>>> print(open('protein_18.tsv').read())   # TSV, C-alpha atoms
chain	number	residue	atom	x	y	z
G	1	MET	CA	0.00	0.00	0.00
G	2	THR	CA	1.68	3.16	-1.19
G	3	SER	CA	0.45	6.70	-1.62
G	4	HIS	CA	1.98	10.06	-2.42
G	5	ALA	CA	-1.13	12.03	-3.38
G	6	THR	CA	-3.09	14.62	-1.48
G	7	ASN	CA	-6.86	14.89	-1.42
G	8	PRO	CA	-9.67	17.00	0.06
G	9	TRP	CA	-9.70	15.60	3.56
G	10	PRO	CA	-11.24	16.47	5.99
G	11	SER	CA	-13.61	18.59	3.86
G	12	ALA	CA	-15.31	15.33	2.85
G	13	LEU	CA	-16.54	14.91	6.44
G	14	THR	CA	-19.95	16.35	5.67
G	15	GLY	CA	-21.74	17.68	8.74
G	16	ALA	CA	-18.70	17.50	10.98
G	17	VAL	CA	-17.91	20.02	13.68
G	18	LEU	CA	-14.14	20.06	13.29
G	19	GLU	CA	-11.75	20.09	16.21
G	20	PRO	CA	-10.28	23.52	16.97
G	21	THR	CA	-6.53	23.35	16.51
G	22	ALA	CA	-5.59	25.20	19.69
G	23	THR	CA	-8.05	23.61	22.13
G	24	PRO	CA	-9.39	20.27	20.87
G	25	SER	CA	-12.44	18.83	22.60
G	26	VAL	CA	-10.55	15.67	23.64
G	27	THR	CA	-6.97	15.32	24.82
G	28	VAL	CA	-5.91	13.11	21.92
G	29	PRO	CA	-8.01	13.74	18.80
G	30	CYS	CA	-7.45	10.77	16.45
G	31	GLY	CA	-9.35	12.51	13.66
G	32	HIS	CA	-10.53	15.92	12.53
G	33	ALA	CA	-14.17	15.70	13.65
G	34	ALA	CA	-15.12	16.59	17.22
G	35	HIS	CA	-18.66	15.41	16.51
G	36	PHE	CA	-21.38	15.36	13.88
G	37	GLY	CA	-24.03	17.23	15.83
G	38	ASP	CA	-25.09	14.58	18.34
G	39	PRO	CA	-22.29	12.83	20.29
G	40	VAL	CA	-24.88	10.85	22.30
G	41	ALA	CA	-26.35	9.31	19.15
G	42	GLU	CA	-22.86	8.73	17.77
G	43	TYR	CA	-21.89	6.80	20.91
G	44	ALA	CA	-25.13	4.83	20.64
G	45	ALA	CA	-24.19	3.79	17.11
G	46	LEU	CA	-20.91	2.33	18.36
G	47	MET	CA	-22.80	0.34	20.99
G	48	GLN	CA	-25.99	-0.63	19.11
G	49	THR	CA	-25.51	-0.48	15.31
G	50	TRP	CA	-22.26	0.64	13.66
G	51	GLY	CA	-20.31	3.79	13.10
G	52	VAL	CA	-17.27	5.12	11.30
G	53	ALA	CA	-14.79	7.61	12.76
G	54	ASP	CA	-11.95	9.55	11.15
G	55	PHE	CA	-8.66	8.20	12.54
G	56	SER	CA	-6.49	9.86	9.91
G	57	LEU	CA	-4.31	11.74	12.42
G	58	ARG	CA	-2.86	8.57	13.95
G	59	THR	CA	0.76	7.55	13.51
G	60	GLN	CA	1.70	4.83	11.04
G	61	ILE	CA	5.33	3.77	10.66
G	62	GLU	CA	6.38	1.25	8.03
G	63	VAL	CA	9.41	-0.94	8.74
G	64	ARG	CA	10.97	-2.61	5.70
G	65	GLY	CA	14.04	-4.79	5.10
G	66	SER	CA	15.01	-8.40	5.77
G	67	ASP	CA	15.98	-7.67	9.40
G	68	ARG	CA	12.78	-5.79	10.27
G	69	ALA	CA	11.31	-8.44	12.60
G	70	SER	CA	14.45	-9.01	14.67
G	71	PHE	CA	15.14	-5.27	14.79
G	72	ILE	CA	11.75	-4.33	16.23
G	73	HIS	CA	11.74	-7.50	18.38
G	74	ASN	CA	14.89	-6.25	20.13
G	75	LEU	CA	13.38	-2.86	20.94
G	76	CYS	CA	9.99	-3.80	22.37
G	77	THR	CA	8.29	-6.08	24.89
G	78	ALA	CA	6.41	-8.31	22.39
G	79	HIS	CA	7.57	-11.42	20.55
G	80	VAL	CA	7.65	-9.87	17.08
G	81	LYS	CA	9.85	-12.52	15.45
G	82	ARG	CA	7.17	-15.18	15.69
G	83	LEU	CA	4.48	-13.08	13.97
G	84	GLN	CA	3.24	-14.46	10.68
G	85	ALA	CA	1.80	-12.39	7.85
G	86	GLY	CA	-1.72	-11.39	8.82
G	87	GLN	CA	-1.01	-11.40	12.56
G	88	GLY	CA	-0.41	-8.55	14.97
G	89	THR	CA	0.44	-7.76	18.56
G	90	GLU	CA	0.50	-4.94	21.05
G	91	ALA	CA	3.96	-3.86	22.17
G	92	PHE	CA	5.57	-1.38	24.50
G	93	ILE	CA	8.56	0.42	23.00
G	94	THR	CA	10.93	0.73	25.95
G	95	ASN	CA	14.14	2.61	26.68
G	96	VAL	CA	17.21	1.20	28.37
G	97	GLN	CA	15.66	1.90	31.79
G	98	GLY	CA	12.56	-0.10	30.85
G	99	ARG	CA	10.32	2.98	30.68
G	100	THR	CA	7.61	3.22	28.03
G	101	LEU	CA	8.33	5.35	24.98
G	102	GLY	CA	5.27	4.10	23.14
G	103	LEU	CA	2.41	1.63	23.10
G	104	VAL	CA	1.93	0.42	19.54
G	105	TYR	CA	0.10	-2.11	17.44
G	106	VAL	CA	2.52	-4.13	15.32
G	107	PHE	CA	0.96	-5.52	12.14
G	108	CYS	CA	2.93	-8.09	10.13
G	109	THR	CA	2.54	-8.25	6.34
G	110	PRO	CA	4.55	-10.35	3.88
G	111	GLU	CA	6.87	-7.44	3.10
G	112	THR	CA	6.71	-5.06	6.07
G	113	LEU	CA	5.84	-4.37	9.67
G	114	VAL	CA	3.49	-1.50	10.43
G	115	LEU	CA	3.63	0.24	13.81
G	116	GLU	CA	0.34	2.03	14.51
G	117	THR	CA	-0.34	4.31	17.48
G	118	VAL	CA	-1.70	7.66	18.65
G	119	PRO	CA	-1.14	10.85	16.64
G	120	GLY	CA	2.18	12.67	16.67
G	121	GLN	CA	4.40	9.79	17.76
G	122	ALA	CA	6.65	9.53	14.72
G	123	PRO	CA	8.94	12.44	15.76
G	124	ALA	CA	9.66	10.62	19.03
G	125	LEU	CA	9.70	6.99	17.91
G	126	LEU	CA	11.66	7.26	14.67
G	127	PRO	CA	14.81	8.87	16.18
G	128	HIS	CA	14.72	6.35	19.04
G	129	LEU	CA	14.48	3.40	16.67
G	130	ASP	CA	17.05	4.83	14.30
G	131	ARG	CA	19.51	5.28	17.17
G	132	TYR	CA	19.80	1.49	17.38
G	133	HIS	CA	19.95	0.97	13.61
G	134	ILE	CA	23.56	0.06	12.90
G	135	THR	CA	24.13	-2.48	10.12
G	136	GLU	CA	20.72	-4.17	9.97
G	137	ASP	CA	18.81	-4.31	6.70
G	138	VAL	CA	16.03	-2.04	7.95
G	139	GLU	CA	14.26	1.00	6.56
G	140	LEU	CA	12.04	3.15	8.77
G	141	LEU	CA	9.38	5.19	6.97
G	142	ASP	CA	6.83	7.61	8.42
G	143	ARG	CA	3.63	6.90	6.48
G	144	SER	CA	1.34	9.00	8.68
G	145	ASP	CA	0.75	11.61	5.97
G	146	ALA	CA	0.50	9.19	3.04
G	147	TRP	CA	-1.78	6.62	4.65
G	148	GLY	CA	-5.21	7.29	6.08
G	149	GLU	CA	-7.15	5.37	8.69
G	150	LEU	CA	-10.78	4.93	9.72
G	151	LEU	CA	-12.29	3.27	12.78
G	152	VAL	CA	-15.32	1.12	12.00
G	153	ALA	CA	-17.07	-0.33	15.05
G	154	GLY	CA	-20.35	-1.60	16.43
G	155	PRO	CA	-22.43	-4.80	16.50
G	156	GLN	CA	-23.17	-4.49	12.78
G	157	ALA	CA	-19.63	-3.52	11.74
G	158	ALA	CA	-18.43	-7.02	10.81
G	159	ALA	CA	-21.47	-7.72	8.66
G	160	GLY	CA	-21.25	-4.29	7.05
G	161	LEU	CA	-17.59	-4.71	6.14
G	162	ALA	CA	-18.20	-8.22	4.86
G	163	GLU	CA	-20.92	-6.92	2.56
G	164	LEU	CA	-18.73	-4.11	1.22
G	165	THR	CA	-15.48	-6.07	0.79
G	166	GLY	CA	-16.83	-9.52	-0.07
G	167	ALA	CA	-14.95	-11.17	2.79
G	168	ALA	CA	-15.59	-11.62	6.50
G	169	PRO	CA	-13.26	-9.39	8.54
G	170	PRO	CA	-10.61	-11.04	10.75
G	171	ALA	CA	-11.86	-12.68	13.93
G	172	GLU	CA	-8.63	-12.82	15.96
G	173	TYR	CA	-7.40	-9.76	17.88
G	174	LEU	CA	-5.07	-7.66	15.68
G	175	ALA	CA	-5.36	-10.10	12.78
G	176	HIS	CA	-5.65	-8.33	9.44
G	177	HIS	CA	-6.03	-8.91	5.74
G	178	GLU	CA	-6.02	-6.96	2.51
G	179	ALA	CA	-9.31	-6.10	0.89
G	180	THR	CA	-10.85	-3.79	-1.68
G	181	LEU	CA	-13.43	-1.27	-0.50
G	182	ALA	CA	-15.00	1.29	-2.84
G	183	GLY	CA	-12.26	0.46	-5.35
G	184	ALA	CA	-9.52	1.23	-2.82
G	185	PRO	CA	-6.87	-1.18	-1.49
G	186	ALA	CA	-7.23	-1.40	2.27
G	187	PHE	CA	-6.01	-3.36	5.27
G	188	VAL	CA	-8.85	-4.49	7.53
G	189	ARG	CA	-7.43	-4.85	11.04
G	190	ARG	CA	-9.36	-6.14	14.04
G	191	ALA	CA	-8.80	-4.01	17.14
G	192	ALA	CA	-10.44	-3.44	20.53
G	193	ILE	CA	-10.23	0.33	20.95
G	194	VAL	CA	-13.94	0.29	21.78
G	195	GLN	CA	-16.00	-2.68	22.93
G	196	GLY	CA	-17.48	-5.21	20.56
G	197	ASP	CA	-16.59	-5.54	16.90
G	198	CYS	CA	-13.95	-2.93	16.16
G	199	PHE	CA	-11.79	-2.53	13.07
G	200	LEU	CA	-9.12	-0.19	11.77
G	201	LEU	CA	-9.13	0.39	8.03
G	202	GLY	CA	-5.71	1.42	6.71
G	203	LEU	CA	-5.70	2.82	3.16
G	204	PRO	CA	-4.00	5.37	0.91
G	205	ARG	CA	-5.09	8.81	2.05
G	206	GLU	CA	-6.48	9.86	-1.32
G	207	HIS	CA	-9.17	7.17	-1.03
G	208	LEU	CA	-10.52	8.39	2.33
G	209	PRO	CA	-13.39	10.47	0.88
G	210	ASN	CA	-14.75	7.69	-1.32
G	211	VAL	CA	-14.42	5.01	1.35
G	212	TRP	CA	-16.06	7.31	3.94
G	213	GLN	CA	-18.96	7.96	1.58
G	214	THR	CA	-19.37	4.26	0.82
G	215	LEU	CA	-19.45	3.34	4.51
G	216	THR	CA	-21.94	6.03	5.46
G	217	GLU	CA	-24.20	5.22	2.50
G	218	ALA	CA	-24.15	1.60	3.67
G	219	GLY	CA	-25.51	2.72	7.05
G	220	ALA	CA	-22.44	3.40	9.20
G	221	LYS	CA	-23.13	6.51	11.28
G	222	PRO	CA	-20.44	9.22	11.22
G	223	VAL	CA	-18.84	9.37	14.67
G	224	GLY	CA	-16.60	12.07	16.13
G	225	ASN	CA	-13.78	12.10	18.65
G	226	GLN	CA	-16.04	12.87	21.61
G	227	ALA	CA	-18.07	9.67	21.25
G	228	VAL	CA	-14.93	7.60	20.61
G	229	GLU	CA	-13.36	9.02	23.76
G	230	VAL	CA	-16.26	7.86	25.92
G	231	ALA	CA	-16.27	4.42	24.33
G	232	ARG	CA	-12.51	3.90	24.58
G	233	VAL	CA	-12.45	4.81	28.31
G	234	GLU	CA	-15.32	2.38	28.94
G	235	ALA	CA	-13.24	-0.22	27.08
G	236	GLY	CA	-10.16	0.57	29.19
G	237	THR	CA	-8.02	1.48	26.17
G	238	PRO	CA	-5.06	3.67	27.18
G	239	TRP	CA	-3.69	6.44	24.94
G	240	TYR	CA	0.03	7.15	24.99
G	241	GLY	CA	0.72	10.70	26.15
G	242	VAL	CA	-2.43	10.69	28.29
G	243	ASP	CA	-2.68	7.44	30.22
G	244	LEU	CA	1.00	6.53	29.99
G	245	THR	CA	4.21	8.41	29.33
G	246	ASP	CA	7.94	7.80	29.56
G	247	ARG	CA	7.54	7.88	33.35
G	248	ASN	CA	5.63	4.61	33.32
G	249	LEU	CA	6.75	1.00	33.45
G	250	PRO	CA	5.04	-1.52	31.12
G	251	GLN	CA	3.51	-3.62	33.91
G	252	GLU	CA	1.74	-0.58	35.35
G	253	LEU	CA	-0.66	-0.72	32.40
G	254	ASP	CA	-1.89	-4.22	33.36
G	255	ARG	CA	-1.62	-5.39	29.73
G	256	ASN	CA	0.93	-8.13	30.31
G	257	ASP	CA	-1.00	-10.79	28.39
G	258	LEU	CA	-1.47	-8.48	25.41
G	259	ALA	CA	1.83	-6.66	25.12
G	260	ILE	CA	4.62	-8.38	27.09
G	261	ASN	CA	6.37	-11.67	26.43
G	262	PHE	CA	8.46	-12.68	29.43
G	263	ASN	CA	10.25	-15.54	27.62
G	264	LYS	CA	11.46	-13.82	24.44
G	265	GLY	CA	15.00	-13.16	25.63
G	266	CYS	CA	16.95	-9.94	25.70
G	267	TYR	CA	15.65	-6.61	24.43
G	268	LEU	CA	16.17	-2.97	25.34
G	269	GLY	CA	14.81	-2.45	28.86
G	270	GLN	CA	14.27	-6.18	29.45
G	271	GLU	CA	16.21	-6.23	32.72
G	272	THR	CA	13.77	-3.84	34.41
G	273	VAL	CA	10.71	-5.66	33.08
G	274	ALA	CA	12.09	-9.03	34.19
G	275	ARG	CA	12.98	-7.70	37.64
G	276	LEU	CA	9.44	-6.42	38.16
G	277	ASP	CA	8.06	-9.77	37.01
G	278	ALA	CA	10.24	-11.55	39.55
G	279	LEU	CA	9.14	-9.11	42.26
G	280	GLY	CA	5.54	-9.99	41.50
G	281	HIS	CA	4.01	-6.52	41.56
G	282	VAL	CA	4.33	-2.86	40.72
G	283	ASN	CA	3.35	-0.04	43.06
G	284	GLN	CA	0.46	1.14	40.91
G	285	THR	CA	-1.68	-0.08	38.02
G	286	LEU	CA	-4.01	1.61	35.57
G	287	CYS	CA	-7.57	0.85	36.67
G	288	GLY	CA	-11.13	1.89	36.00
G	289	LEU	CA	-12.62	4.08	38.71
G	290	LYS	CA	-16.32	4.87	38.92
G	291	PHE	CA	-17.56	7.73	41.11
G	292	ASP	CA	-20.92	7.92	42.84
G	293	GLY	CA	-21.04	11.71	42.58
G	294	GLU	CA	-21.86	13.84	39.54
G	295	GLN	CA	-18.63	15.83	39.35
G	296	LEU	CA	-16.19	14.71	36.66
G	297	PRO	CA	-12.61	14.49	37.95
G	298	THR	CA	-10.03	16.27	35.84
G	299	PRO	CA	-6.92	14.56	34.44
G	300	ASP	CA	-3.85	14.67	36.70
G	301	THR	CA	-6.05	14.99	39.79
G	302	GLU	CA	-4.31	13.26	42.69
G	303	ILE	CA	-6.52	11.60	45.28
G	304	GLU	CA	-5.24	11.18	48.80
G	305	VAL	CA	-6.69	8.95	51.50
G	306	GLU	CA	-5.53	9.43	55.07
G	307	GLY	CA	-2.73	11.69	53.86
G	308	LYS	CA	-1.31	9.19	51.35
G	309	LEU	CA	-1.61	9.11	47.58
G	310	ALA	CA	-4.29	6.61	46.56
G	311	ALA	CA	-4.84	7.36	42.88
G	312	ARG	CA	-4.05	9.73	40.02
G	313	ILE	CA	-6.59	10.38	37.27
G	314	THR	CA	-5.43	10.19	33.64
G	315	SER	CA	-8.72	10.26	31.65
G	316	ALA	CA	-12.33	10.82	32.69
G	317	VAL	CA	-15.70	10.72	30.93
G	318	LEU	CA	-19.38	10.65	31.77
G	319	SER	CA	-20.20	7.00	31.14
G	320	PRO	CA	-23.62	6.18	29.70
G	321	LYS	CA	-23.23	2.62	30.95
G	322	LEU	CA	-22.71	3.81	34.52
G	323	SER	CA	-24.85	6.96	34.27
G	324	GLY	CA	-22.01	8.78	35.98
G	325	PRO	CA	-18.30	9.58	35.97
G	326	LEU	CA	-15.75	6.95	34.96
G	327	ALA	CA	-12.00	7.46	34.96
G	328	LEU	CA	-8.82	5.70	34.06
G	329	ALA	CA	-6.47	6.16	36.98
G	330	TYR	CA	-3.27	4.84	38.44
G	331	VAL	CA	-4.36	3.28	41.71
G	332	ARG	CA	-1.79	2.40	44.33
G	333	ARG	CA	-1.14	-1.17	45.37
G	334	GLY	CA	-3.47	-2.28	48.13
G	335	ARG	CA	-6.39	-0.36	46.63
G	336	ASN	CA	-6.12	-1.51	42.99
G	337	THR	CA	-8.42	-4.53	43.27
G	338	VAL	CA	-11.85	-4.59	41.64
G	339	GLY	CA	-14.53	-3.75	44.19
G	340	ILE	CA	-12.36	-1.69	46.57
G	341	SER	CA	-13.80	1.76	47.36
G	342	PHE	CA	-12.34	4.88	48.91
G	343	PRO	CA	-13.51	8.45	49.52
G	344	THR	CA	-12.65	11.29	47.13
G	345	PRO	CA	-13.75	14.92	46.70
G	346	GLN	CA	-15.89	13.68	43.76
G	347	GLY	CA	-17.67	11.12	45.92
G	348	THR	CA	-16.84	7.51	46.67
G	349	ALA	CA	-14.57	5.94	44.05
G	350	THR	CA	-14.79	2.22	43.33
G	351	VAL	CA	-12.37	0.18	41.23
G	352	VAL	CA	-14.30	-1.47	38.37
G	353	GLN	CA	-13.43	-4.10	35.81
G	354	LEU	CA	-12.78	-2.80	32.31
G	355	PRO	CA	-14.11	-3.17	29.69
G	356	LEU	CA	-17.43	-2.38	31.33
G	357	ALA	CA	-20.04	-5.10	31.06
>>> encode(input="protein_18.tsv", output="structure tokens")
Amino acid sequence: MTSHATNPWPSALTGAVLEPTATPSVTVPCGHAAHFGDPVAEYAALMQTWGVADFSLRTQIEVRGSDRASFIHNLCTAHVKRLQAGQGTEAFITNVQGRTLGLVYVFCTPETLVLETVPGQAPALLPHLDRYHITEDVELLDRSDAWGELLVAGPQAAAGLAELTGAAPPAEYLAHHEATLAGAPAFVRRAAIVQGDCFLLGLPREHLPNVWQTLTEAGAKPVGNQAVEVARVEAGTPWYGVDLTDRNLPQELDRNDLAINFNKGCYLGQETVARLDALGHVNQTLCGLKFDGEQLPTPDTEIEVEGKLAARITSAVLSPKLSGPLALAYVRRGRNTVGISFPTPQGTATVVQLPLA
């Protein structure tokens, strides 16, 4: 999949209220549209029918060359070398101290690896990766401007994509295949950014308008960043730069089964990750916190109980499923078990299992 053209995007997002550049409506806008007039209905589409969201601002890095798998394998927490074409994995990109420099999806194709993550990560990740590029047959390419991306999700998303592409979408998490949609070559990638059937469509950017039109004409409701934000917090999906930074350790995200392989051997930062595994715990983990009050906690709010730090908020939304505030928060060990409650200025906070039922 290659592209060097430019096209009228996001002007094709008919009816969109676009994100203001200076003060976007969400902390990490994955696309240009804040909403399409009714964020509540847009959220409902993700939960009850199907919707499509602009994800064209997200980072996509292509890794080419015969040494690409071993190169990325040695710089992240996942077992990349065993990936077969059509498979994928989550991975933490770590520094020598074992701190997280990124949380990425790694998609394996016959000729390349694709690293996909939140917007604006290429300027940080590419120099880090290139620093360890010595003699390996590897080429690192920022495709974020050339490639576009759409999120398609909801109970009817799989059937809708099957009808439009002529093939059932992948069933396994982060599995992917090539397809043709509205005459455009696309990768259909299963994800779990929101609950239920959830897919990322990767395609040349010039085809975004036609593919968007085809999806919406087939019944997918246009969805903006605000509805996606609510749904991704309810799903427990962390965004790099918001819910984790280079101050965090991989195990603090509680995604060991998805993103960390403890038997893969040496990689950059492996000593720290292995030491924490041997210790058996970290001092905090990212959890879901529901509040029984009506006040929404703000990100970076620190909650103390009996004079000691109990939790720090990273993201917060008004959850339709809970009919109240829900946050992602780093909760200290001893309180980070589902069902434990503690007092806060926003009312009693209770650790809940994510994704929400």
>>> residues_around(input="protein_18.tsv", residues="Ala122 (chain G)", least_positions_apart="6", cutoff="12 Å", atoms="all atoms listed in the file", output="MDAnalysis selection string")
chainID G and resid 57:62 101:102 104 115:116 128:130 140:145
>>> closest_residue(input="protein_18.tsv", among="G:Glu136, G:Asp292, G:Glu217, G:Asp254", to="Asp277 (chain G)", atoms="only C-alpha atoms")
G:Asp254
>>> atom_distance(input="protein_18.tsv", atom1="CA of Thr89 (chain G)", atom2="CA of Gln156 (chain G)")
24.5 Å
>>> closest_atom_pairs(input="protein_18.tsv", of="region 156-266 of chain G", to="region 35-46 of chain G", cutoff="6 Å", atoms="only C-alpha atoms", output="Markdown table")
| residue | atom | partner | partner_atom | distance |
| --- | --- | --- | --- | --- |
| G:Val223 | CA | G:Glu42 | CA | 5.1 |
| G:Gly224 | CA | G:His35 | CA | 3.9 |
| G:Ala227 | CA | G:Tyr43 | CA | 4.8 |
>>> residues_near_point(input="protein_18.tsv", point="(-12.5, 0.3, 15.8)", cutoff="9 Å", atoms="all atoms listed in the file", output="list in words")
Gly51, Val52, Ala53, Leu150, Leu151, Val152, Ala153, Gly154, Arg189, Arg190, Ala191, Ala192, Ile193, Val194, Gln195, Gly196, Asp197, Cys198, Phe199, Leu200 and Leu201 of chain G
>>> atom_distance(input="protein_18.tsv", atom1="CA of Thr112 (chain G)", atom2="CA of Gly65 (chain G)")
7.4 Å
>>> residues_around(input="protein_18.tsv", residues="Ala158 (chain G)", least_positions_apart="3", cutoff="8 Å", atoms="all atoms listed in the file", output="list of chain:residue names")
G:Pro155, G:Leu161, G:Ala162, G:Ala168, G:Pro169, G:Asp197
>>> atom_distance(input="protein_18.tsv", atom1="CA of Leu18 (chain G)", atom2="CA of Tyr240 (chain G)")
22.5 Å
>>> closest_residue(input="protein_18.tsv", among="G:Gln84, G:Gln284, G:Thr348, G:Gln213", to="Leu113 (chain G)", atoms="only C-alpha atoms")
G:Gln84
>>> axis_aligned_box(input="protein_18.tsv", around="region 88-104 of chain G", padding_each_side="5 Å", output="AutoDock Vina command-line options")
--center_x 8.4 --center_y -1.6 --center_z 23.4 --size_x 27.6 --size_y 23.9 --size_z 26.8
>>> closest_residue(input="protein_18.tsv", among="G:Asn95, G:Cys108, G:Val80, G:Arg335", to="Arg247 (chain G)", atoms="only C-alpha atoms")
G:Asn95
>>> closest_residue(input="protein_18.tsv", among="G:Gln353, G:Ser11, G:Gln346, G:Asn263", to="Gln295 (chain G)", atoms="all atoms listed in the file")
G:Gln346
>>> residues_around(input="protein_18.tsv", residues="Gly280 (chain G)", least_positions_apart="4", cutoff="12 Å", atoms="all atoms listed in the file", output="list in words")
Gln251, Glu252, Val273, Ala274, Arg275, Leu276 and Arg333 of chain G
>>> residues_around(input="protein_18.tsv", residues="Asn248 (chain G)", least_positions_apart="3", cutoff="8 Å", atoms="all atoms listed in the file", output="ChimeraX atom specification")
/G:99-100,244-245,252
>>> closest_residue(input="protein_18.tsv", among="G:Pro345, G:Ser315, G:Phe55, G:Val233", to="Leu203 (chain G)", atoms="all atoms listed in the file")
G:Phe55
>>> closest_residue(input="protein_18.tsv", among="G:Glu229, G:Leu215, G:Trp147, G:Lys221", to="Pro185 (chain G)", atoms="all atoms listed in the file")
G:Trp147
>>> residues_around(input="protein_18.tsv", residues="Ala186 (chain G)", least_positions_apart="4", cutoff="6 Å", atoms="all atoms listed in the file", output="number ranges by chain")
G: 178-180, 202-203
>>> build_atoms(input="protein_18.tsv", residues="region 96-118 of chain G", atoms="N, CA and C atoms", output="mmCIF file, in the coordinates of the input")
data_model
loop_
_atom_site.group_PDB
_atom_site.id
_atom_site.type_symbol
_atom_site.label_atom_id
_atom_site.label_comp_id
_atom_site.auth_asym_id
_atom_site.auth_seq_id
_atom_site.Cartn_x
_atom_site.Cartn_y
_atom_site.Cartn_z
ATOM 1 N N VAL G 96 16.265 2.075 27.672
ATOM 2 C CA VAL G 96 17.210 1.200 28.370
ATOM 3 C C VAL G 96 16.837 1.037 29.841
ATOM 4 N N GLN G 97 16.116 2.005 30.403
ATOM 5 C CA GLN G 97 15.660 1.900 31.790
ATOM 6 C C GLN G 97 14.356 1.121 31.917
ATOM 7 N N GLY G 98 13.813 0.647 30.816
ATOM 8 C CA GLY G 98 12.560 -0.100 30.850
ATOM 9 C C GLY G 98 11.326 0.778 30.917
ATOM 10 N N ARG G 99 11.471 2.075 30.691
ATOM 11 C CA ARG G 99 10.320 2.980 30.680
ATOM 12 C C ARG G 99 9.658 2.973 29.305
ATOM 13 N N THR G 100 8.375 3.330 29.267
ATOM 14 C CA THR G 100 7.610 3.220 28.030
ATOM 15 C C THR G 100 7.768 4.475 27.174
ATOM 16 N N LEU G 101 8.241 4.273 25.959
ATOM 17 C CA LEU G 101 8.330 5.350 24.980
ATOM 18 C C LEU G 101 7.174 5.314 23.999
ATOM 19 N N GLY G 102 6.420 4.223 24.016
ATOM 20 C CA GLY G 102 5.270 4.100 23.140
ATOM 21 C C GLY G 102 4.522 2.823 23.429
ATOM 22 N N LEU G 103 3.247 2.830 23.100
ATOM 23 C CA LEU G 103 2.410 1.630 23.100
ATOM 24 C C LEU G 103 1.841 1.533 21.699
ATOM 25 N N VAL G 104 2.246 0.498 20.956
ATOM 26 C CA VAL G 104 1.930 0.420 19.540
ATOM 27 C C VAL G 104 1.248 -0.896 19.208
ATOM 28 N N TYR G 105 0.506 -0.877 18.100
ATOM 29 C CA TYR G 105 0.100 -2.110 17.440
ATOM 30 C C TYR G 105 1.171 -2.430 16.406
ATOM 31 N N VAL G 106 1.591 -3.676 16.345
ATOM 32 C CA VAL G 106 2.520 -4.130 15.320
ATOM 33 C C VAL G 106 1.763 -5.075 14.395
ATOM 34 N N PHE G 107 1.642 -4.696 13.131
ATOM 35 C CA PHE G 107 0.960 -5.520 12.140
ATOM 36 C C PHE G 107 1.995 -6.090 11.171
ATOM 37 N N CYS G 108 1.966 -7.396 10.977
ATOM 38 C CA CYS G 108 2.930 -8.090 10.130
ATOM 39 C C CYS G 108 2.308 -8.388 8.772
ATOM 40 N N THR G 109 2.944 -7.923 7.705
ATOM 41 C CA THR G 109 2.540 -8.250 6.340
ATOM 42 C C THR G 109 3.676 -9.036 5.692
ATOM 43 N N PRO G 110 3.466 -9.581 4.500
ATOM 44 C CA PRO G 110 4.550 -10.350 3.880
ATOM 45 C C PRO G 110 5.818 -9.556 3.631
ATOM 46 N N GLU G 111 5.709 -8.246 3.459
ATOM 47 C CA GLU G 111 6.870 -7.440 3.100
ATOM 48 C C GLU G 111 7.298 -6.429 4.164
ATOM 49 N N THR G 112 6.432 -6.148 5.134
ATOM 50 C CA THR G 112 6.710 -5.060 6.070
ATOM 51 C C THR G 112 6.146 -5.367 7.455
ATOM 52 N N LEU G 113 6.549 -4.536 8.404
ATOM 53 C CA LEU G 113 5.840 -4.370 9.670
ATOM 54 C C LEU G 113 5.268 -2.965 9.683
ATOM 55 N N VAL G 114 4.086 -2.820 10.255
ATOM 56 C CA VAL G 114 3.490 -1.500 10.430
ATOM 57 C C VAL G 114 3.283 -1.267 11.922
ATOM 58 N N LEU G 115 3.842 -0.175 12.423
ATOM 59 C CA LEU G 115 3.630 0.240 13.810
ATOM 60 C C LEU G 115 2.563 1.332 13.791
ATOM 61 N N GLU G 116 1.472 1.109 14.510
ATOM 62 C CA GLU G 116 0.340 2.030 14.510
ATOM 63 C C GLU G 116 0.066 2.473 15.931
ATOM 64 N N THR G 117 -0.122 3.787 16.130
ATOM 65 C CA THR G 117 -0.340 4.310 17.480
ATOM 66 C C THR G 117 -0.988 5.683 17.407
ATOM 67 N N VAL G 118 -1.023 6.366 18.538
ATOM 68 C CA VAL G 118 -1.700 7.660 18.650
ATOM 69 C C VAL G 118 -1.023 8.705 17.778
#
